[in-house]
$ cat run.txt   # compact mmCIF, C-alpha atoms and all ligand atoms
# COMPACT_ATOMS: atom_id res chain seq x y z
CA MET A 1 0.62 2.55 16.40
CA GLU A 2 -0.79 -0.87 17.13
CA ILE A 3 0.39 -3.93 15.20
CA ALA A 4 -1.76 -6.87 14.20
CA PRO A 5 0.38 -9.73 12.83
CA SER A 6 -1.46 -11.58 10.06
CA LEU A 7 -1.40 -15.32 10.65
CA LEU A 8 -1.62 -15.80 6.89
CA SER A 9 2.20 -15.71 6.90
CA CYS A 10 2.65 -18.12 9.82
CA ASP A 11 3.72 -21.76 9.77
CA PHE A 12 0.26 -23.33 9.60
CA SER A 13 1.52 -26.65 10.97
CA GLN A 14 2.35 -24.78 14.20
CA MET A 15 -0.44 -22.23 14.38
CA GLY A 16 -0.81 -22.38 18.17
CA SER A 17 2.87 -21.79 18.88
CA GLU A 18 3.02 -19.12 16.16
CA ILE A 19 0.29 -17.24 18.04
CA GLU A 20 2.25 -17.63 21.30
CA ARG A 21 5.35 -16.34 19.51
CA MET A 22 3.46 -13.22 18.34
CA ASP A 23 1.96 -12.70 21.78
CA LYS A 24 5.46 -12.66 23.34
CA ALA A 25 6.76 -10.47 20.52
CA GLY A 26 4.34 -7.70 21.49
CA ALA A 27 1.46 -8.08 19.02
CA ASP A 28 -1.56 -5.97 19.92
CA TYR A 29 -4.05 -8.15 18.02
CA MET A 30 -3.94 -11.45 16.13
CA HIS A 31 -5.20 -10.82 12.58
CA LEU A 32 -6.90 -13.88 11.09
CA ASP A 33 -7.62 -13.84 7.35
CA VAL A 34 -10.62 -15.96 6.38
CA MET A 35 -10.97 -16.52 2.61
CA ASP A 36 -13.65 -18.56 0.88
CA GLY A 37 -12.22 -18.99 -2.63
CA HIS A 38 -15.21 -17.06 -3.97
CA PHE A 39 -14.98 -13.50 -2.67
CA VAL A 40 -11.22 -13.74 -3.19
CA PRO A 41 -9.22 -16.21 -5.29
CA ASN A 42 -7.72 -18.08 -2.33
CA ILE A 43 -8.93 -20.35 0.49
CA THR A 44 -7.51 -20.24 4.03
CA PHE A 45 -9.30 -21.45 7.17
CA GLY A 46 -12.62 -21.04 8.90
CA ALA A 47 -14.25 -20.85 12.31
CA PRO A 48 -13.23 -24.33 13.58
CA VAL A 49 -9.54 -23.49 13.14
CA ILE A 50 -9.97 -20.12 14.85
CA LYS A 51 -11.78 -21.82 17.74
CA ALA A 52 -8.96 -24.37 18.08
CA VAL A 53 -6.23 -21.72 18.34
CA ARG A 54 -8.18 -19.24 20.49
CA LYS A 55 -6.65 -20.65 23.70
CA PHE A 56 -3.04 -19.77 22.76
CA THR A 57 -3.34 -16.07 23.68
CA LYS A 58 -5.49 -13.62 25.58
CA LYS A 59 -4.80 -10.93 22.96
CA PRO A 60 -7.83 -9.91 20.90
CA PHE A 61 -8.65 -11.83 17.72
CA ASP A 62 -9.19 -9.51 14.75
CA VAL A 63 -11.00 -11.71 12.23
CA HIS A 64 -10.97 -10.39 8.64
CA LEU A 65 -13.70 -12.07 6.62
CA MET A 66 -13.00 -12.15 2.89
CA ILE A 67 -16.14 -14.16 2.19
CA SER A 68 -19.21 -13.52 0.05
CA ASP A 69 -21.84 -14.10 2.73
CA PRO A 70 -20.57 -12.93 6.14
CA LEU A 71 -24.11 -12.75 7.57
CA LYS A 72 -24.51 -16.51 7.15
CA TYR A 73 -21.33 -17.28 9.11
CA ALA A 74 -21.18 -14.42 11.65
CA ASP A 75 -22.43 -16.59 14.51
CA ASP A 76 -19.78 -19.22 13.81
CA PHE A 77 -16.98 -16.66 14.10
CA ALA A 78 -18.50 -15.14 17.24
CA ASP A 79 -18.72 -18.65 18.74
CA ALA A 80 -15.10 -19.29 17.73
CA GLY A 81 -13.96 -16.41 19.96
CA ALA A 82 -13.54 -13.43 17.65
CA ASP A 83 -13.26 -10.11 19.51
CA LEU A 84 -13.59 -8.03 16.34
CA ILE A 85 -15.07 -9.17 13.03
CA THR A 86 -14.43 -7.12 9.92
CA PHE A 87 -16.24 -7.85 6.66
CA HIS A 88 -16.20 -6.27 3.23
CA VAL A 89 -18.66 -3.60 2.16
CA GLU A 90 -18.45 -5.27 -1.31
CA CYS A 91 -19.89 -8.59 -0.01
CA ASP A 92 -23.31 -10.03 -0.95
CA SER A 93 -24.87 -9.89 2.54
CA ASP A 94 -27.09 -7.06 3.73
CA ILE A 95 -24.61 -4.69 5.40
CA ASP A 96 -26.90 -3.36 8.14
CA LYS A 97 -28.16 -6.82 9.05
CA THR A 98 -24.59 -8.16 9.23
CA ILE A 99 -23.45 -5.28 11.45
CA ASP A 100 -26.45 -5.80 13.74
CA LYS A 101 -25.89 -9.57 13.87
CA ILE A 102 -22.24 -9.20 14.92
CA LYS A 103 -23.07 -6.53 17.50
CA SER A 104 -25.86 -8.68 18.93
CA ARG A 105 -23.14 -11.21 19.84
CA ASN A 106 -21.16 -8.54 21.75
CA VAL A 107 -18.40 -8.70 19.20
CA LYS A 108 -16.91 -5.51 17.75
CA VAL A 109 -17.56 -4.94 14.07
CA GLY A 110 -15.63 -3.26 11.29
CA LEU A 111 -16.12 -2.65 7.58
CA VAL A 112 -13.39 -3.27 5.01
CA ILE A 113 -12.89 -1.59 1.64
CA LYS A 114 -10.96 -3.04 -1.30
CA PRO A 115 -8.58 -0.79 -3.28
CA LYS A 116 -11.16 0.05 -5.96
CA THR A 117 -13.85 0.99 -3.44
CA PRO A 118 -14.08 4.65 -2.41
CA ALA A 119 -13.98 5.66 1.24
CA SER A 120 -17.51 7.04 0.90
CA ALA A 121 -18.84 3.45 0.70
CA VAL A 122 -18.50 3.16 4.49
CA PHE A 123 -19.82 6.64 5.36
CA PRO A 124 -23.45 5.53 5.89
CA TYR A 125 -22.31 3.03 8.54
CA LEU A 126 -19.68 5.01 10.49
CA LYS A 127 -21.98 5.69 13.42
CA LYS A 128 -22.69 2.02 14.01
CA ILE A 129 -19.29 0.39 13.56
CA ASP A 130 -16.13 0.07 15.68
CA MET A 131 -13.44 0.20 12.99
CA VAL A 132 -12.75 0.74 9.31
CA LEU A 133 -10.15 -1.40 7.54
CA VAL A 134 -8.66 0.09 4.39
CA MET A 135 -6.99 -2.52 2.16
CA THR A 136 -3.59 -1.40 0.89
CA VAL A 137 -3.31 -4.44 -1.43
CA GLU A 138 -5.92 -6.44 -3.37
CA PRO A 139 -7.19 -8.95 -0.80
CA GLY A 140 -6.27 -12.60 -1.26
CA PHE A 141 -2.57 -13.01 -0.68
CA GLY A 142 0.24 -11.94 1.64
CA GLY A 143 3.51 -10.49 0.43
CA GLN A 144 2.16 -7.94 -2.07
CA SER A 145 3.34 -4.34 -2.56
CA PHE A 146 1.87 -1.53 -0.48
CA MET A 147 -0.50 0.80 -2.37
CA ALA A 148 0.33 4.22 -0.92
CA ASP A 149 -2.40 5.78 -3.03
CA MET A 150 -4.97 4.23 -0.66
CA LEU A 151 -3.88 6.46 2.24
CA PRO A 152 -5.98 9.51 1.30
CA LYS A 153 -8.98 7.29 2.11
CA VAL A 154 -7.82 7.18 5.74
CA LYS A 155 -7.89 10.97 5.89
CA GLU A 156 -11.31 11.07 4.20
CA ILE A 157 -12.74 8.61 6.74
CA LYS A 158 -11.25 10.56 9.66
CA ALA A 159 -12.66 13.82 8.25
CA GLU A 160 -16.13 12.31 7.82
CA CYS A 161 -16.03 10.99 11.41
CA GLN A 162 -15.19 14.48 12.64
CA LYS A 163 -18.08 15.88 10.63
CA LEU A 164 -20.41 13.30 12.20
CA GLY A 165 -19.12 14.01 15.72
CA ILE A 166 -17.49 10.57 16.16
CA ASP A 167 -14.21 11.07 18.12
CA THR A 168 -12.58 7.70 18.08
CA LEU A 169 -13.13 5.35 15.21
CA PRO A 170 -9.90 3.42 14.67
CA VAL A 171 -8.72 2.96 11.11
CA GLU A 172 -6.66 -0.11 10.23
CA VAL A 173 -4.68 -0.76 7.05
CA ASP A 174 -3.83 -4.19 5.68
CA GLY A 175 -1.28 -5.24 3.09
CA GLY A 176 2.34 -4.46 2.34
CA ILE A 177 3.20 -2.91 5.69
CA SER A 178 6.95 -2.93 6.34
CA GLU A 179 9.70 -0.75 7.79
CA SER A 180 9.69 1.20 4.54
CA THR A 181 5.92 1.84 4.35
CA ILE A 182 4.67 2.20 7.93
CA ALA A 183 5.79 5.85 8.28
CA GLN A 184 3.40 6.85 5.48
CA ALA A 185 0.55 4.99 7.18
CA ALA A 186 1.31 6.71 10.48
CA GLU A 187 1.42 10.09 8.80
CA ALA A 188 -2.02 9.45 7.30
CA GLY A 189 -3.43 8.84 10.78
CA VAL A 190 -3.69 5.04 10.73
CA ASP A 191 -4.24 3.52 14.19
CA ILE A 192 -3.57 -0.18 13.53
CA CYS A 193 -1.35 -1.83 10.93
CA VAL A 194 -1.73 -5.43 9.89
CA ALA A 195 1.64 -6.98 9.05
CA GLY A 196 2.15 -10.50 7.76
CA THR A 197 5.43 -10.96 5.94
CA ALA A 198 7.22 -8.15 7.80
CA VAL A 199 6.69 -9.82 11.17
CA PHE A 200 6.50 -13.55 10.48
CA LYS A 201 9.42 -13.71 8.07
CA ALA A 202 11.69 -11.57 10.27
CA ASP A 203 14.44 -13.41 12.18
CA ASP A 204 13.26 -11.79 15.39
CA ALA A 205 9.55 -10.99 15.55
CA GLU A 206 9.89 -8.87 18.69
CA LYS A 207 12.51 -6.66 17.05
CA ALA A 208 10.35 -6.42 13.94
CA ILE A 209 7.28 -5.26 15.86
CA THR A 210 9.30 -2.84 18.00
CA SER A 211 10.97 -1.39 14.95
CA LEU A 212 7.65 -0.93 13.10
CA LYS A 213 6.23 0.87 16.15
CA ASN A 214 9.34 3.05 16.53
CA ILE A 215 9.28 4.13 12.90
CA ALA A 216 5.56 4.93 13.17
CA GLU A 217 6.13 7.11 16.26
CA LYS A 218 8.87 9.21 14.62
C1 LIG B 1 -4.46 -10.04 2.34
C2 LIG B 1 -4.64 -10.19 3.83
C3 LIG B 1 -3.55 -9.57 4.62
C4 LIG B 1 -2.19 -10.16 4.37
C5 LIG B 1 -1.13 -9.15 4.70
O1 LIG B 1 -5.65 -10.41 1.70
O2 LIG B 1 -5.85 -9.56 4.23
O3 LIG B 1 -3.87 -9.61 6.00
O4 LIG B 1 -1.95 -11.32 5.09
O5 LIG B 1 0.12 -9.69 4.40
P1 LIG B 1 1.40 -8.78 4.14
O6 LIG B 1 1.66 -8.00 5.38
O7 LIG B 1 2.46 -9.79 3.84
O8 LIG B 1 1.06 -7.91 2.96
ZN ZN B 2 -6.30 -9.22 6.41

$ encode --input "run.txt" --output "structure tokens"
Amino acid sequence: MEIAPSLLSCDFSQMGSEIERMDKAGADYMHLDVMDGHFVPNITFGAPVIKAVRKFTKKPFDVHLMISDPLKYADDFADAGADLITFHVECDSDIDKTIDKIKSRNVKVGLVIKPKTPASAVFPYLKKIDMVLVMTVEPGFGGQSFMADMLPKVKEIKAECQKLGIDTLPVEVDGGISESTIAQAAEAGVDICVAGTAVFKADDAEKAITSLKNIAEK
């Protein structure tokens, strides 16, 4: 299992050193939650902040866009140094055009589904994307409870990939991942877990990441 600490739970006055701390702790990706106050009822940060903190690690930046018009801003996030950009299938932009735009910048692209969206919403795009992110909380805030009833979607996506002859399409889950929920995610076949509170609020981030990985491997 790979772990992507969500910077949403970091000390924003020290974002650079928080990224260095997660790098040393064994993070596989840095997960950056971009919210526009329109697609979700919260506002975080945008491309200039991501660009400013890009230099603090060589680990890949997994940029999760919770914004209404990802097509309009895709270039800005590519320029800021995103390695992977995920955007919501429920957004207002044209999905195919947004996928193509991100890929044209040599950035990996993923589609995200909110809890009320069925897995089948991403099926038409599986052949052209690099990841699917299944939300296990309503997007907008850290620290919410894990929705285990989202996990069958992971299996449905994996089954559809098999049907389409796609061998390796990683599935990520985001929201409420902790030592008590990660085993269920692993069992469902999840490849990458985002974890905000569980990693940033732990006394020892390295122990927290190691423990999450160990539980997932069991
Ligand atoms: C929620 C964000 C998540 C969030 C996860 O909208 O997409 O990445 O930070 O936080 P935890 O792990 O605390 O649920
Ligand atoms: Zn996220």

$ residues_near_point --input "run.txt" --point "(-9.7, -1.0, 3.6)" --cutoff "6 Å" --atoms "only C-alpha atoms" --output "PyMOL selection string"
chain A and resi 112-114+133-135

$ closest_atom_pairs --input "run.txt" --of "chain A" --to "ligand LIG 1 (chain B)" --cutoff "10 Å" --atoms "only C-alpha atoms and all ligand atoms" --output "Markdown table"
| residue | atom | partner | partner_atom | distance |
| --- | --- | --- | --- | --- |
| A:Ala4 | CA | B:LIG1 | O3 | 8.9 |
| A:Pro5 | CA | B:LIG1 | O6 | 7.8 |
| A:Ser6 | CA | B:LIG1 | O4 | 5.0 |
| A:Leu7 | CA | B:LIG1 | O4 | 6.9 |
| A:Leu8 | CA | B:LIG1 | O4 | 4.8 |
| A:Ser9 | CA | B:LIG1 | O4 | 6.3 |
| A:Cys10 | CA | B:LIG1 | O4 | 9.5 |
| A:His31 | CA | B:LIG1 | O3 | 6.8 |
| A:Leu32 | CA | B:LIG1 | O3 | 7.3 |
| A:Asp33 | CA | B:LIG1 | O2 | 5.6 |
| A:Val34 | CA | B:LIG1 | O2 | 8.3 |
| A:Met35 | CA | B:LIG1 | O1 | 8.2 |
| A:Val40 | CA | B:LIG1 | O1 | 8.1 |
| A:Pro41 | CA | B:LIG1 | O1 | 9.8 |
| A:Asn42 | CA | B:LIG1 | O1 | 8.9 |
| A:Val63 | CA | B:LIG1 | O3 | 9.7 |
| A:His64 | CA | B:LIG1 | O2 | 6.8 |
| A:Leu65 | CA | B:LIG1 | O2 | 8.6 |
| A:Met66 | CA | B:LIG1 | O1 | 7.6 |
| A:Val112 | CA | B:LIG1 | O2 | 9.9 |
| A:Lys114 | CA | B:LIG1 | O1 | 9.6 |
| A:Leu133 | CA | B:LIG1 | O2 | 9.8 |
| A:Met135 | CA | B:LIG1 | O2 | 7.4 |
| A:Thr136 | CA | B:LIG1 | O8 | 8.3 |
| A:Val137 | CA | B:LIG1 | C1 | 6.8 |
| A:Glu138 | CA | B:LIG1 | O1 | 6.4 |
| A:Pro139 | CA | B:LIG1 | O1 | 3.3 |
| A:Gly140 | CA | B:LIG1 | O1 | 3.7 |
| A:Phe141 | CA | B:LIG1 | C1 | 4.6 |
| A:Gly142 | CA | B:LIG1 | O5 | 3.6 |
| A:Gly143 | CA | B:LIG1 | O7 | 3.6 |
| A:Gln144 | CA | B:LIG1 | O8 | 5.1 |
| A:Ser145 | CA | B:LIG1 | O8 | 7.0 |
| A:Phe146 | CA | B:LIG1 | O8 | 7.3 |
| A:Val173 | CA | B:LIG1 | O3 | 8.9 |
| A:Asp174 | CA | B:LIG1 | O3 | 5.4 |
| A:Gly175 | CA | B:LIG1 | O8 | 3.6 |
| A:Gly176 | CA | B:LIG1 | O8 | 3.7 |
| A:Ile177 | CA | B:LIG1 | O6 | 5.3 |
| A:Ser178 | CA | B:LIG1 | O6 | 7.4 |
| A:Cys193 | CA | B:LIG1 | O6 | 8.8 |
| A:Val194 | CA | B:LIG1 | O3 | 6.1 |
| A:Ala195 | CA | B:LIG1 | O6 | 3.8 |
| A:Gly196 | CA | B:LIG1 | O6 | 3.5 |
| A:Thr197 | CA | B:LIG1 | O7 | 3.8 |
| A:Ala198 | CA | B:LIG1 | O6 | 6.1 |
| A:Val199 | CA | B:LIG1 | O6 | 7.9 |
| A:Phe200 | CA | B:LIG1 | O7 | 8.6 |
| A:Lys201 | CA | B:LIG1 | O7 | 9.0 |

$ closest_residue --input "run.txt" --among "A:Arg54, A:Ile85, A:Lys153, A:Ala25" --to "ligand ZN 2 (chain B)" --atoms "all atoms listed in the file"
A:Ile85

$ closest_residue --input "run.txt" --among "A:Met150, A:Phe87, A:Val132, A:Lys97" --to "Lys116 of chain A" --atoms "only C-alpha atoms"
A:Met150

$ closest_residue --input "run.txt" --among "A:Ala216, A:Ile50, A:Leu151, A:Ile43" --to "Pro118 of chain A" --atoms "only C-alpha atoms"
A:Leu151

$ closest_residue --input "run.txt" --among "A:Lys55, A:His88, A:Lys213, A:Lys103" --to "ligand ZN 2 (chain B)" --atoms "all atoms listed in the file"
A:His88

$ atom_distance --input "run.txt" --atom1 "atom CA of Leu164 of chain A" --atom2 "atom CA of Gln184 of chain A"
25.6 Å

$ closest_residue --input "run.txt" --among "A:Glu206, A:Asp149, A:Glu20, A:Glu90" --to "Ala121 of chain A" --atoms "only C-alpha atoms"
A:Glu90

$ closest_residue --input "run.txt" --among "A:Asp62, A:Asp11, A:Asp75, A:Asp167" --to "ligand ZN 2 (chain B)" --atoms "all atoms listed in the file"
A:Asp62

$ atom_distance --input "run.txt" --atom1 "atom CA of Phe61 of chain A" --atom2 "atom CA of Gly81 of chain A"
7.4 Å

$ axis_aligned_box --input "run.txt" --around "segment 68-73 of chain A" --padding-each-side "3 Å" --output "JSON"
{"center_x": -21.9, "center_y": -15.0, "center_z": 4.6, "size_x": 11.3, "size_y": 10.5, "size_z": 15.1}

$ atom_distance --input "run.txt" --atom1 "atom CA of Asp94 of chain A" --atom2 "atom CA of Asp130 of chain A"
17.7 Å

$ residues_around --input "run.txt" --residues "Met22 of chain A" --least-positions-apart "4" --cutoff "8 Å" --atoms "all atoms listed in the file" --output "MDAnalysis selection string"
chainID A and resid 5 18 26:27 30 205:206

$ residues_around --input "run.txt" --residues "Ala80 of chain A" --least-positions-apart "4" --cutoff "8 Å" --atoms "all atoms listed in the file" --output "PyMOL selection string"
chain A and resi 47-48+50-52+54+76

$ build_atoms --input "run.txt" --residues "segment 171-183 of chain A" --atoms "N, CA, C and O atoms" --output "JSON list (two decimals), in the coordinates of the input"
[["chain", "number", "residue", "atom", "x", "y", "z"],
["A", 171, "VAL", "N", -8.88, 3.38, 12.50],
["A", 171, "VAL", "CA", -8.72, 2.96, 11.11],
["A", 171, "VAL", "C", -7.49, 2.05, 11.04],
["A", 171, "VAL", "O", -6.42, 2.37, 11.56],
["A", 172, "GLU", "N", -7.71, 0.90, 10.40],
["A", 172, "GLU", "CA", -6.66, -0.11, 10.23],
["A", 172, "GLU", "C", -6.31, -0.18, 8.74],
["A", 172, "GLU", "O", -7.18, 0.04, 7.90],
["A", 173, "VAL", "N", -5.05, -0.46, 8.43],
["A", 173, "VAL", "CA", -4.68, -0.76, 7.05],
["A", 173, "VAL", "C", -4.08, -2.15, 6.99],
["A", 173, "VAL", "O", -3.53, -2.64, 7.98],
["A", 174, "ASP", "N", -4.21, -2.79, 5.82],
["A", 174, "ASP", "CA", -3.83, -4.19, 5.68],
["A", 174, "ASP", "C", -3.22, -4.42, 4.31],
["A", 174, "ASP", "O", -3.87, -4.21, 3.29],
["A", 175, "GLY", "N", -1.95, -4.85, 4.33],
["A", 175, "GLY", "CA", -1.28, -5.24, 3.09],
["A", 175, "GLY", "C", -0.04, -4.42, 2.82],
["A", 175, "GLY", "O", -0.10, -3.20, 2.74],
["A", 176, "GLY", "N", 1.09, -5.11, 2.73],
["A", 176, "GLY", "CA", 2.34, -4.46, 2.34],
["A", 176, "GLY", "C", 2.98, -3.57, 3.38],
["A", 176, "GLY", "O", 3.85, -2.76, 3.06],
["A", 177, "ILE", "N", 2.58, -3.73, 4.63],
["A", 177, "ILE", "CA", 3.20, -2.91, 5.69],
["A", 177, "ILE", "C", 4.59, -3.45, 6.02],
["A", 177, "ILE", "O", 4.77, -4.65, 6.23],
["A", 178, "SER", "N", 5.57, -2.55, 6.05],
["A", 178, "SER", "CA", 6.95, -2.93, 6.34],
["A", 178, "SER", "C", 7.65, -1.71, 6.95],
["A", 178, "SER", "O", 7.03, -0.64, 7.07],
["A", 179, "GLU", "N", 8.93, -1.88, 7.25],
["A", 179, "GLU", "CA", 9.70, -0.75, 7.79],
["A", 179, "GLU", "C", 9.75, 0.40, 6.79],
["A", 179, "GLU", "O", 9.93, 1.54, 7.18],
["A", 180, "SER", "N", 9.61, 0.09, 5.51],
["A", 180, "SER", "CA", 9.69, 1.20, 4.54],
["A", 180, "SER", "C", 8.33, 1.82, 4.20],
["A", 180, "SER", "O", 8.29, 2.83, 3.52],
["A", 181, "THR", "N", 7.23, 1.25, 4.68],
["A", 181, "THR", "CA", 5.92, 1.84, 4.35],
["A", 181, "THR", "C", 5.14, 2.35, 5.56],
["A", 181, "THR", "O", 4.21, 3.14, 5.41],
["A", 182, "ILE", "N", 5.51, 1.89, 6.76],
["A", 182, "ILE", "CA", 4.67, 2.20, 7.93],
["A", 182, "ILE", "C", 4.67, 3.70, 8.28],
["A", 182, "ILE", "O", 3.68, 4.21, 8.82],
["A", 183, "ALA", "N", 5.75, 4.41, 7.95],
["A", 183, "ALA", "CA", 5.79, 5.85, 8.28],
["A", 183, "ALA", "C", 4.68, 6.60, 7.53],
["A", 183, "ALA", "O", 4.03, 7.48, 8.08]]
